[in-house]
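> Got a structure for you, entry29.txt, holding compact mmCIF, C-alpha atoms and all ligand atoms.
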```
# COMPACT_ATOMS: atom_id res chain seq x y z
CA MET N 22 -2.19 -7.90 21.12
CA ASN N 23 -3.57 -7.07 24.53
CA GLY N 24 -4.74 -4.23 26.69
CA GLU N 25 -1.16 -3.31 27.64
CA ARG N 26 -0.38 -1.79 24.25
CA LYS N 27 -0.76 1.97 24.34
CA GLN N 28 -3.39 3.09 21.86
CA LEU N 29 -2.14 5.43 19.15
CA ASP N 30 -3.22 9.06 19.69
CA SER N 31 -2.74 9.62 15.98
CA VAL N 32 -5.46 7.06 15.15
CA SER N 33 -8.43 7.70 17.40
CA THR N 34 -11.29 9.01 15.24
CA VAL N 35 -13.25 8.01 12.14
CA GLU N 36 -11.45 10.75 10.22
CA HIS N 37 -8.11 9.27 11.23
CA VAL N 38 -9.28 5.87 9.97
CA VAL N 39 -10.35 7.41 6.67
CA GLU N 40 -7.00 9.17 6.34
CA ARG N 41 -5.08 5.98 7.11
CA ILE N 42 -7.02 4.04 4.48
CA ARG N 43 -6.34 6.85 2.03
CA THR N 44 -2.58 6.80 2.64
CA SER N 45 -1.87 3.16 3.45
CA LYS N 46 -0.51 0.81 0.80
CA ARG N 47 -0.30 -2.48 2.67
CA ILE N 48 -3.57 -2.96 4.49
CA VAL N 49 -4.38 -6.31 6.08
CA VAL N 50 -8.09 -6.97 6.42
CA ILE N 51 -9.13 -9.74 8.79
CA THR N 52 -12.68 -10.88 8.23
CA GLY N 53 -15.20 -13.20 9.81
CA ALA N 54 -18.73 -14.45 9.41
CA GLY N 55 -20.27 -11.00 10.08
CA ILE N 56 -19.38 -9.79 6.58
CA SER N 57 -21.47 -12.54 4.98
CA VAL N 58 -24.59 -12.04 7.11
CA SER N 59 -26.08 -9.58 4.62
CA CYS N 60 -25.45 -12.22 1.90
CA GLY N 61 -27.95 -14.42 3.72
CA ILE N 62 -25.43 -16.62 5.53
CA PRO N 63 -25.81 -16.56 9.31
CA ASP N 64 -22.73 -16.15 11.47
CA PHE N 65 -21.82 -18.73 14.09
CA ARG N 66 -22.13 -17.24 17.57
CA SER N 67 -24.76 -14.46 17.41
CA ALA N 68 -28.26 -15.17 18.73
CA ASN N 69 -29.33 -15.89 15.12
CA GLY N 70 -26.09 -17.69 14.36
CA ILE N 71 -25.60 -21.29 13.32
CA TYR N 72 -24.56 -22.56 16.73
CA ASN N 73 -27.74 -21.18 18.32
CA THR N 74 -30.26 -22.01 15.63
CA VAL N 75 -29.30 -25.30 14.01
CA ASP N 76 -31.90 -28.00 14.61
CA CYS N 77 -29.63 -30.56 16.25
CA HIS N 78 -32.53 -32.94 16.69
CA ALA N 79 -33.35 -32.96 12.96
CA LEU N 80 -29.68 -33.44 12.09
CA ASN N 81 -29.27 -36.08 14.76
CA ILE N 82 -26.26 -34.43 16.41
CA PRO N 83 -25.71 -33.71 20.11
CA SER N 84 -24.37 -30.18 19.46
CA ALA N 85 -24.05 -27.83 16.48
CA GLU N 86 -20.27 -27.44 16.91
CA LEU N 87 -19.92 -31.10 15.89
CA LEU N 88 -20.92 -30.16 12.34
CA PHE N 89 -17.36 -28.90 11.89
CA ASP N 90 -15.58 -31.53 13.95
CA LEU N 91 -13.22 -33.88 12.13
CA SER N 92 -13.64 -36.92 14.39
CA PHE N 93 -17.40 -36.63 14.16
CA PHE N 94 -17.35 -36.13 10.38
CA LYS N 95 -15.28 -39.30 9.97
CA ILE N 96 -17.91 -41.26 11.89
CA ASP N 97 -20.95 -39.62 10.29
CA PRO N 98 -20.62 -37.08 7.43
CA GLN N 99 -24.39 -37.06 6.77
CA PRO N 100 -25.31 -34.21 9.19
CA PHE N 101 -22.72 -31.88 7.65
CA TYR N 102 -24.03 -32.46 4.14
CA LYS N 103 -27.65 -32.27 5.22
CA PHE N 104 -26.91 -28.94 6.90
CA SER N 105 -24.81 -27.47 4.08
CA ARG N 106 -27.09 -28.43 1.18
CA ALA N 107 -29.00 -25.16 1.54
CA PHE N 108 -25.74 -23.25 1.17
CA TYR N 109 -24.84 -25.04 -2.06
CA ALA N 110 -28.40 -24.57 -3.33
CA ASN N 111 -28.29 -20.80 -2.83
CA ARG N 112 -27.99 -19.62 -6.41
CA ALA N 113 -28.20 -15.97 -5.52
CA LEU N 114 -24.99 -15.83 -3.50
CA GLN N 115 -23.55 -12.35 -4.04
CA PRO N 116 -20.79 -10.42 -2.29
CA SER N 117 -21.80 -7.89 0.34
CA PRO N 118 -20.76 -4.22 0.10
CA THR N 119 -18.04 -5.11 2.62
CA HIS N 120 -16.57 -7.80 0.33
CA LEU N 121 -16.66 -5.29 -2.52
CA PHE N 122 -15.01 -2.61 -0.39
CA ILE N 123 -12.10 -5.01 0.21
CA ARG N 124 -11.99 -5.78 -3.48
CA ASP N 125 -11.97 -2.06 -4.23
CA MET N 126 -9.03 -1.58 -1.84
CA GLU N 127 -7.22 -4.26 -3.78
CA SER N 128 -7.87 -2.64 -7.12
CA ARG N 129 -6.49 0.60 -5.65
CA LYS N 130 -3.31 -1.33 -4.71
CA LYS N 131 -3.87 -0.87 -1.00
CA LEU N 132 -4.62 -4.43 0.05
CA LEU N 133 -1.70 -6.50 1.29
CA ARG N 134 -3.91 -9.43 2.28
CA ASN N 135 -7.41 -10.41 3.25
CA TYR N 136 -7.23 -13.12 5.90
CA THR N 137 -10.70 -14.54 6.11
CA GLN N 138 -12.07 -17.07 8.56
CA ASN N 139 -15.03 -17.60 6.28
CA VAL N 140 -15.43 -20.79 4.31
CA ASP N 141 -18.25 -19.59 2.06
CA GLY N 142 -15.89 -18.53 -0.73
CA ILE N 143 -17.61 -15.19 -1.27
CA GLU N 144 -14.27 -13.37 -1.29
CA GLN N 145 -13.41 -15.40 -4.39
CA ILE N 146 -16.81 -14.65 -5.85
CA ALA N 147 -16.06 -10.96 -5.27
CA GLY N 148 -12.75 -11.41 -7.10
CA ILE N 149 -10.40 -10.67 -4.16
CA ARG N 150 -7.05 -12.16 -5.11
CA SER N 151 -4.70 -11.35 -2.21
CA LEU N 152 -6.68 -13.76 -0.14
CA VAL N 153 -5.89 -16.31 2.52
CA GLU N 154 -8.81 -18.53 3.48
CA CYS N 155 -7.52 -19.41 6.96
CA HIS N 156 -10.21 -22.02 7.58
CA GLY N 157 -10.37 -23.32 4.04
CA ASN N 158 -13.23 -23.40 1.60
CA MET N 159 -16.50 -25.27 1.05
CA HIS N 160 -16.07 -25.47 -2.71
CA THR N 161 -13.21 -27.94 -3.02
CA PHE N 162 -13.26 -31.50 -1.70
CA ARG N 163 -10.81 -34.17 -0.68
CA CYS N 164 -11.28 -37.75 0.46
CA ALA N 165 -11.19 -37.93 4.27
CA LYS N 166 -9.49 -41.34 3.92
CA CYS N 167 -7.01 -41.31 1.00
CA LYS N 168 -6.85 -37.45 0.57
CA LYS N 169 -7.48 -37.63 -3.19
CA LYS N 170 -9.01 -34.45 -4.63
CA GLY N 171 -12.68 -34.69 -5.61
CA ASP N 172 -14.23 -33.02 -8.63
CA SER N 173 -16.07 -29.99 -7.23
CA GLU N 174 -18.47 -29.63 -10.09
CA SER N 175 -19.83 -33.19 -9.90
CA VAL N 176 -19.82 -33.25 -6.08
CA ILE N 177 -21.92 -30.09 -5.80
CA ARG N 178 -24.20 -31.21 -8.61
CA ARG N 179 -24.90 -34.56 -6.91
CA LEU N 180 -25.46 -32.85 -3.58
CA LEU N 181 -28.06 -30.65 -5.18
CA GLU N 182 -29.66 -33.57 -6.96
CA ASP N 183 -30.10 -36.03 -4.12
CA GLY N 184 -28.18 -34.76 -1.09
CA SER N 185 -26.05 -37.88 -0.95
CA VAL N 186 -22.69 -37.86 0.84
CA PRO N 187 -20.07 -37.65 -1.92
CA GLN N 188 -17.76 -40.62 -2.02
CA CYS N 189 -14.29 -41.28 -3.33
CA ALA N 190 -13.40 -44.31 -5.46
CA CYS N 191 -11.79 -45.79 -2.30
CA LEU N 192 -15.23 -45.52 -0.64
CA GLY N 193 -14.04 -42.86 1.83
CA SER N 194 -16.29 -39.79 2.25
CA LEU N 195 -15.29 -36.63 0.46
CA LYS N 196 -14.82 -33.78 2.90
CA PRO N 197 -14.89 -30.10 1.95
CA ASP N 198 -11.50 -28.41 2.32
CA ILE N 199 -12.57 -26.66 5.52
CA VAL N 200 -10.18 -26.72 8.46
CA PHE N 201 -12.43 -28.65 10.83
CA PHE N 202 -11.95 -28.58 14.57
CA GLY N 203 -9.29 -31.20 15.23
CA GLU N 204 -7.28 -30.31 12.12
CA VAL N 205 -4.13 -28.21 11.86
CA PHE N 206 -3.87 -25.02 9.86
CA PRO N 207 -1.86 -25.31 6.65
CA SER N 208 1.80 -24.29 7.02
CA SER N 209 1.32 -21.80 4.16
CA LEU N 210 -0.80 -19.71 6.57
CA GLU N 211 2.11 -19.22 8.97
CA ARG N 212 4.48 -18.35 6.11
CA SER N 213 2.07 -15.80 4.75
CA MET N 214 1.49 -14.23 8.18
CA GLN N 215 5.22 -13.99 8.84
CA ARG N 216 5.80 -12.15 5.57
CA ASP N 217 2.87 -9.82 6.09
CA LEU N 218 3.70 -9.00 9.72
CA ALA N 219 6.89 -7.35 8.49
CA ARG N 220 5.09 -5.23 5.87
CA VAL N 221 1.58 -4.36 7.06
CA ASP N 222 0.83 -0.66 7.65
CA LEU N 223 -2.83 -0.83 8.77
CA VAL N 224 -5.12 -3.59 10.06
CA LEU N 225 -8.91 -3.62 9.69
CA VAL N 226 -10.73 -6.39 11.56
CA ILE N 227 -14.31 -6.80 10.32
CA GLY N 228 -17.24 -8.96 11.44
CA THR N 229 -15.58 -11.46 13.74
CA SER N 230 -15.96 -12.40 17.38
CA LEU N 231 -12.23 -13.30 17.47
CA ARG N 232 -13.13 -16.40 19.43
CA VAL N 233 -11.25 -18.97 17.35
CA GLY N 234 -7.57 -19.06 18.22
CA GLY N 235 -4.62 -20.16 16.19
CA SER N 236 -4.89 -18.15 13.00
CA VAL N 237 -5.97 -14.53 12.90
CA LEU N 238 -5.61 -14.10 16.66
CA GLU N 239 -2.00 -15.13 16.29
CA PHE N 240 -1.54 -12.46 13.64
CA LEU N 241 -3.00 -9.79 15.94
CA ARG N 242 -0.89 -10.92 18.89
CA ARG N 243 2.32 -10.62 16.90
CA LEU N 244 1.50 -7.32 15.23
CA PRO N 245 4.11 -4.58 15.90
CA ASP N 246 2.74 -1.98 18.34
CA ALA N 247 3.13 0.88 15.85
CA VAL N 248 0.67 -0.63 13.35
CA PRO N 249 -2.79 0.97 13.72
CA ARG N 250 -5.66 -1.48 14.13
CA VAL N 251 -9.35 -0.84 13.72
CA LEU N 252 -12.30 -3.05 14.68
CA ILE N 253 -15.54 -2.87 12.70
CA ASN N 254 -18.18 -5.10 14.24
CA LYS N 255 -21.90 -5.17 14.95
CA GLU N 256 -21.32 -5.44 18.66
CA ALA N 257 -18.52 -5.08 21.17
CA LEU N 258 -16.39 -8.18 21.60
CA SER N 259 -17.27 -10.26 24.61
CA GLY N 260 -16.15 -13.34 26.51
CA SER N 261 -12.57 -14.39 26.00
CA SER N 262 -12.12 -11.87 23.14
CA LYS N 263 -12.96 -8.87 25.30
CA THR N 264 -9.30 -8.34 26.21
CA TYR N 265 -8.48 -7.83 22.53
CA SER N 266 -10.96 -4.94 22.27
CA ALA N 267 -8.64 -2.84 24.41
CA GLY N 268 -5.91 -3.26 21.83
CA PHE N 269 -7.81 -1.61 18.98
CA ASP N 270 -7.08 2.05 18.30
CA VAL N 271 -10.56 2.68 16.94
CA THR N 272 -13.71 0.57 17.28
CA LEU N 273 -16.61 1.26 14.93
CA LEU N 274 -19.72 -0.56 16.09
CA GLY N 275 -22.65 -1.26 13.76
CA PRO N 276 -23.49 -3.31 10.65
CA CYS N 277 -20.26 -3.47 8.64
CA ASP N 278 -21.96 -2.67 5.31
CA ALA N 279 -23.27 0.61 6.74
CA ILE N 280 -19.88 1.49 8.23
CA VAL N 281 -18.11 0.66 5.00
CA ARG N 282 -20.53 2.93 3.12
CA ILE N 283 -19.68 5.79 5.47
CA LEU N 284 -15.97 5.17 4.98
CA THR N 285 -16.23 4.98 1.18
CA HIS N 286 -18.33 8.13 1.14
CA ARG N 287 -15.71 10.00 3.16
CA LEU N 288 -12.94 8.56 1.02
CA ASP N 289 -14.87 9.78 -1.99
CA TRP N 290 -14.82 6.27 -3.51
CA PRO N 291 -17.83 4.94 -5.40
CA ASP N 292 -20.45 2.93 -3.53
CA PRO N 293 -18.95 -0.59 -3.34
CA SER N 294 -22.18 -2.27 -4.41
CA LYS N 295 -21.80 -0.55 -7.80
CA CYS N 296 -18.52 -2.44 -8.43
CA LEU N 297 -19.94 -5.85 -9.34
CA ASP N 298 -18.07 -5.99 -12.61
CA ARG N 299 -15.33 -8.57 -12.09
CA ILE N 300 -16.48 -12.16 -11.94
CA GLY N 301 -14.41 -14.19 -9.50
CA HIS N 302 -13.45 -17.78 -10.08
CA LEU N 303 -16.02 -19.30 -7.72
CA ARG N 304 -18.84 -17.35 -9.23
CA ALA N 305 -17.95 -18.96 -12.53
CA LEU N 306 -17.89 -22.41 -10.90
CA ARG N 307 -21.29 -21.91 -9.33
CA GLU N 308 -22.75 -20.64 -12.56
CA ARG N 309 -21.46 -23.73 -14.38
CA VAL N 310 -22.94 -26.06 -11.77
CA TYR N 311 -26.33 -24.39 -11.97
CA GLU N 312 -26.21 -24.19 -15.72
CA VAL N 313 -25.76 -27.97 -15.86
CA CYS N 314 -28.44 -28.61 -13.21
CA GLU N 315 -30.89 -26.37 -15.01
CA ALA N 316 -30.08 -27.95 -18.36
CA GLU N 317 -30.68 -31.39 -16.89
CA GLU N 318 -33.92 -30.28 -15.24
CA GLU N 319 -35.05 -28.72 -18.48
CA SER N 320 -34.12 -31.72 -20.61
CA ARG N 321 -35.99 -34.00 -18.18
CA VAL N 322 -39.08 -31.82 -18.54
CA SER N 323 -38.56 -31.44 -22.27
CA VAL N 324 -38.47 -35.17 -22.82
CA SER N 325 -41.99 -35.51 -21.54
CA VAL N 326 -43.59 -32.35 -22.92
CA ALA N 327 -41.77 -31.08 -25.99
CA ALA N 328 -41.92 -32.24 -29.59
CA PRO N 329 -38.84 -34.29 -30.63
CA ALA N 330 -37.36 -31.44 -32.70
CA ASP N 331 -37.61 -29.09 -29.70
CA VAL N 332 -35.94 -31.56 -27.43
CA GLY N 333 -32.99 -31.93 -29.76
CA GLU N 334 -32.60 -28.19 -30.01
CA ARG N 335 -32.77 -27.68 -26.28
CA ARG N 336 -30.33 -30.47 -25.56
CA THR N 337 -27.83 -29.01 -27.99
CA ARG N 338 -28.20 -25.56 -26.52
CA HIS N 339 -27.79 -26.72 -22.93
CA ALA N 340 -25.53 -29.74 -23.42
CA PRO N 341 -23.42 -30.06 -20.25
CA LYS N 342 -19.99 -28.73 -20.99
CA LYS N 343 -17.07 -30.95 -20.04
CA ARG N 344 -14.76 -28.45 -18.43
CA ARG N 345 -12.24 -29.12 -15.75
CA ILE N 346 -12.24 -27.23 -12.48
CA GLU N 347 -9.04 -25.31 -12.03
CA SER N 348 -7.39 -25.75 -8.68
CA MET N 349 -8.22 -22.95 -6.23
P1 LIG G 401 -18.70 -15.53 14.85
O1 LIG G 401 -20.08 -15.97 14.60
O2 LIG G 401 -18.02 -16.06 16.05
O3 LIG G 401 -18.66 -13.94 14.96
C1 LIG G 401 -19.28 -13.12 14.02
C2 LIG G 401 -19.19 -11.68 14.50
O4 LIG G 401 -19.73 -10.87 13.49
C3 LIG G 401 -19.97 -11.40 15.79
O5 LIG G 401 -19.14 -10.69 16.69
C4 LIG G 401 -21.13 -10.53 15.32
O6 LIG G 401 -21.46 -9.52 16.26
C5 LIG G 401 -20.56 -9.91 14.08
N1 LIG G 401 -21.58 -9.53 13.09
C6 LIG G 401 -22.72 -10.18 12.76
N2 LIG G 401 -23.37 -9.51 11.78
C7 LIG G 401 -22.62 -8.43 11.50
C8 LIG G 401 -22.76 -7.35 10.59
N3 LIG G 401 -23.80 -7.24 9.76
N4 LIG G 401 -21.80 -6.40 10.60
C9 LIG G 401 -20.73 -6.48 11.41
N5 LIG G 401 -20.56 -7.47 12.28
C10 LIG G 401 -21.47 -8.44 12.32
O7 LIG G 401 -17.87 -15.81 13.53
P2 LIG G 401 -16.29 -15.77 13.31
O8 LIG G 401 -15.65 -14.87 14.28
O9 LIG G 401 -16.06 -15.56 11.88
O10 LIG G 401 -15.03 -22.06 11.92
O11 LIG G 401 -15.93 -17.26 13.68
C11 LIG G 401 -14.73 -17.84 13.35
C12 LIG G 401 -14.88 -19.31 13.12
O12 LIG G 401 -15.80 -19.88 14.06
C13 LIG G 401 -15.48 -19.67 11.79
O13 LIG G 401 -14.55 -19.69 10.76
C14 LIG G 401 -16.05 -21.05 12.03
C15 LIG G 401 -16.52 -20.94 13.44
O14 LIG G 401 -16.36 -22.08 14.20
C16 LIG G 401 -15.16 -22.99 10.93
O15 LIG G 401 -16.00 -22.97 10.07
C17 LIG G 401 -14.15 -24.07 10.96
```
Would you put the structure from the file into structure tokens?
Ligand code: OAD

Amino acid sequence: MNGERKQLDSVSTVEHVVERIRTSKRIVVITGAGISVSCGIPDFRSANGIYNTVDCHALNIPSAELLFDLSFFKIDPQPFYKFSRAFYANRALQPSPTHLFIRDMESRKKLLRNYTQNVDGIEQIAGIRSLVECHGNMHTFRCAKCKKKGDSESVIRRLLEDGSVPQCACLGSLKPDIVFFGEVFPSSLERSMQRDLARVDLVLVIGTSLRVGGSVLEFLRRLPDAVPRVLINKEALSGSSKTYSAGFDVTLLGPCDAIVRILTHRLDWPDPSKCLDRIGHLRALRERVYEVCEAEEESRVSVSVAAPADVGERRTRHAPKKRRIESM
């Protein structure tokens, strides 16, 4: 996709966008860190983003980008885990209205795919199923050395308990299944994009600077000219992504949650934040982890303060459940 494509006259206003959403059946939504900002997770490249605000000195790293660099992680995984502990400790993680809007599109059988560059897993928490996490996910782990899968529940629990770097039986460090810089994208991504490029009838790009090549940029480059494409972002694209701006038929600038509210209102759909009914898989995982942590905290306190009968009762009520994590 570049500035040479002629913009579609038939898709040039907000009303046209609303009409296209209403009539389309195979929408591809491409998302980035901007849609999770209202969930309390900073994006990467804004002034308040991770790359501009991380305390490199405290983490003992020369630059914030190295947090997601494979070679660096293999040498020293500590900074990544020190940095990401706050994310795992955030018990209140909830989808934004934008996540729920995408979920709503799916329940109306309009969503072909959500390609997300986010690794926070909130799409899964929102219950979006036609999902491709292009850059992976922070909630599953694999040994950086022998590639054996780690047990998410115990890894996250230990991280919350003492912040230690999770280790495999082979003594390699467990690495979250994020596509770090220096890694290749899974081949399933290309297969999925190829299939979807032949079927998509509308593209919405939301909350991304489009600065990371190789995945979603590739999708946009190969998109047939006739497919309408809409950008929803807080600010105009800049730097190397500026050329892509010219390829969008409509650009809606502002906080994505506010724009999504306007769209849903005009579509006459319910406010997306009122659709928090379906519990996605990751939400269940997080709730289990916290349930166990809280039970352990409580039983530790109970041992010292409660009468023996009380302790027994509490332990029974909160006994950690031995459940296996399903693969994601
Ligand atoms: P960026 O931080 O590069 O871009 C986020 C975009 O979202 C910016 O253009 C912001 O203007 C916009 N934005 C911020 N808040 C918004 C809001 N409330 N509403 C709408 N837009 C908003 O993040 P990505 O483009 O997602 O890689 O970055 C892609 C990849 O870069 C990430 O996956 C990450 C990073 O390196 C890995 O984690 C491996």
> May I have the residues within 7 Å of Asp198 (chain N) as a list in words, using only C-alpha atoms and disregarding those fewer than 3 positions away in the same chain?
Gly157, Asn158, Met159, Thr161, Phe162 and Arg163 of chain N
> Residues of chain N that approach ligand LIG 401 (chain G) to 6 Å or less, counting all atoms listed in the file: could you list each one with the shortest pair of atoms and its distance in Å to one decimal, rows by chain and increasing residue number, as CSV?

```
residue,atom,partner,partner_atom,distance
N:Gly53,CA,G:LIG401,O9,3.3
N:Ala54,CA,G:LIG401,O9,3.8
N:Gly55,CA,G:LIG401,O4,3.5
N:Ile56,CA,G:LIG401,C8,5.8
N:Val58,CA,G:LIG401,N2,5.4
N:Asp64,CA,G:LIG401,O1,4.1
N:Phe65,CA,G:LIG401,O1,3.3
N:Arg66,CA,G:LIG401,O1,3.8
N:Ser67,CA,G:LIG401,O1,5.7
N:Phe89,CA,G:LIG401,C17,5.9
N:Gln138,CA,G:LIG401,O13,4.2
N:Asn139,CA,G:LIG401,O13,5.0
N:His156,CA,G:LIG401,C17,5.6
N:Val200,CA,G:LIG401,C17,5.4
N:Phe201,CA,G:LIG401,C17,4.9
N:Gly228,CA,G:LIG401,N5,3.7
N:Thr229,CA,G:LIG401,O8,3.5
N:Ser230,CA,G:LIG401,O5,3.7
N:Leu231,CA,G:LIG401,O8,4.9
N:Arg232,CA,G:LIG401,O8,5.9
N:Val233,CA,G:LIG401,C11,5.4
N:Asn254,CA,G:LIG401,N5,3.9
N:Lys255,CA,G:LIG401,N5,3.8
N:Glu256,CA,G:LIG401,O6,4.7
N:Pro276,CA,G:LIG401,N4,3.5
N:Cys277,CA,G:LIG401,N4,3.8
```
> Pull the neighbourhood of (6.3, -2.7, 6.8) for me: all residues within 10 Å in file coordinates, counting all atoms listed in the file, as a ChimeraX atom specification.
/N:46-47,216-223,245,248
> How many Å separate CA of Lys95 (chain N) from CA of Asp183 (chain N)?
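These atoms are spaced 20.7 Å apart.
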> Write out as a ChimeraX atom specification the residues lying within 10 Å of Cys167 (chain N), counting only C-alpha atoms and excluding same-chain residues fewer than 2 positions away.
/N:163-165,169-170,189-195
> Compare N:Phe240, N:Tyr102, N:Tyr265, N:Phe108 by their minimum atom-to-atom distance to Cys155 (chain N), counting all atoms listed in the file, and give me the closest one.
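Of all the options, N:Phe240 lies closest to Cys155 (chain N).
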> Around (-3.4, -16.7, -1.9) in the file's own coordinates, what residues are found within 10 Å if you use all atoms listed in the file, given back as a ChimeraX atom specification?
/N:134-136,149-154,209-210,213,349
> Choose the residue, out of N:Cys60, N:Pro207, N:Leu91, N:Lys130, that has the smallest atom-to-atom separation from Gly142 (chain N); count all atoms listed in the file.
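Ranking N:Cys60, N:Pro207, N:Leu91, N:Lys130 by distance to Gly142 (chain N), first place goes to N:Cys60.
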> Mind giving me the straight-line distance from CA of Ile48 (chain N) to CA of Glu204 (chain N) in Å, one decimal?
28.6 Å
> Interatomic distance between CA of Cys77 (chain N) and CA of Gly203 (chain N)?
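Atom-to-atom, CA of Cys77 (chain N) to CA of Gly203 (chain N), that is 20.4 Å.
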> Would you kindly return, as a list in words, each protein, DNA or RNA residue with an atom no farther than 10 Å from any atom of Leu284 (chain N), considering only C-alpha atoms and excluding same-chain residues fewer than 3 positions away?
Val35, Glu36, Val38, Val39, Glu40, Ile42, Phe122, Asp278, Ala279, Ile280, Val281, Arg287, Leu288, Asp289, Trp290 and Asp292 of chain N
> Hey, what's within 9 Å of Leu121 (chain N) if we count only C-alpha atoms and toss same-chain stuff fewer than 3 positions away? As a ChimeraX atom specification, please?
/N:116-118,124-126,144,147-149,293-297
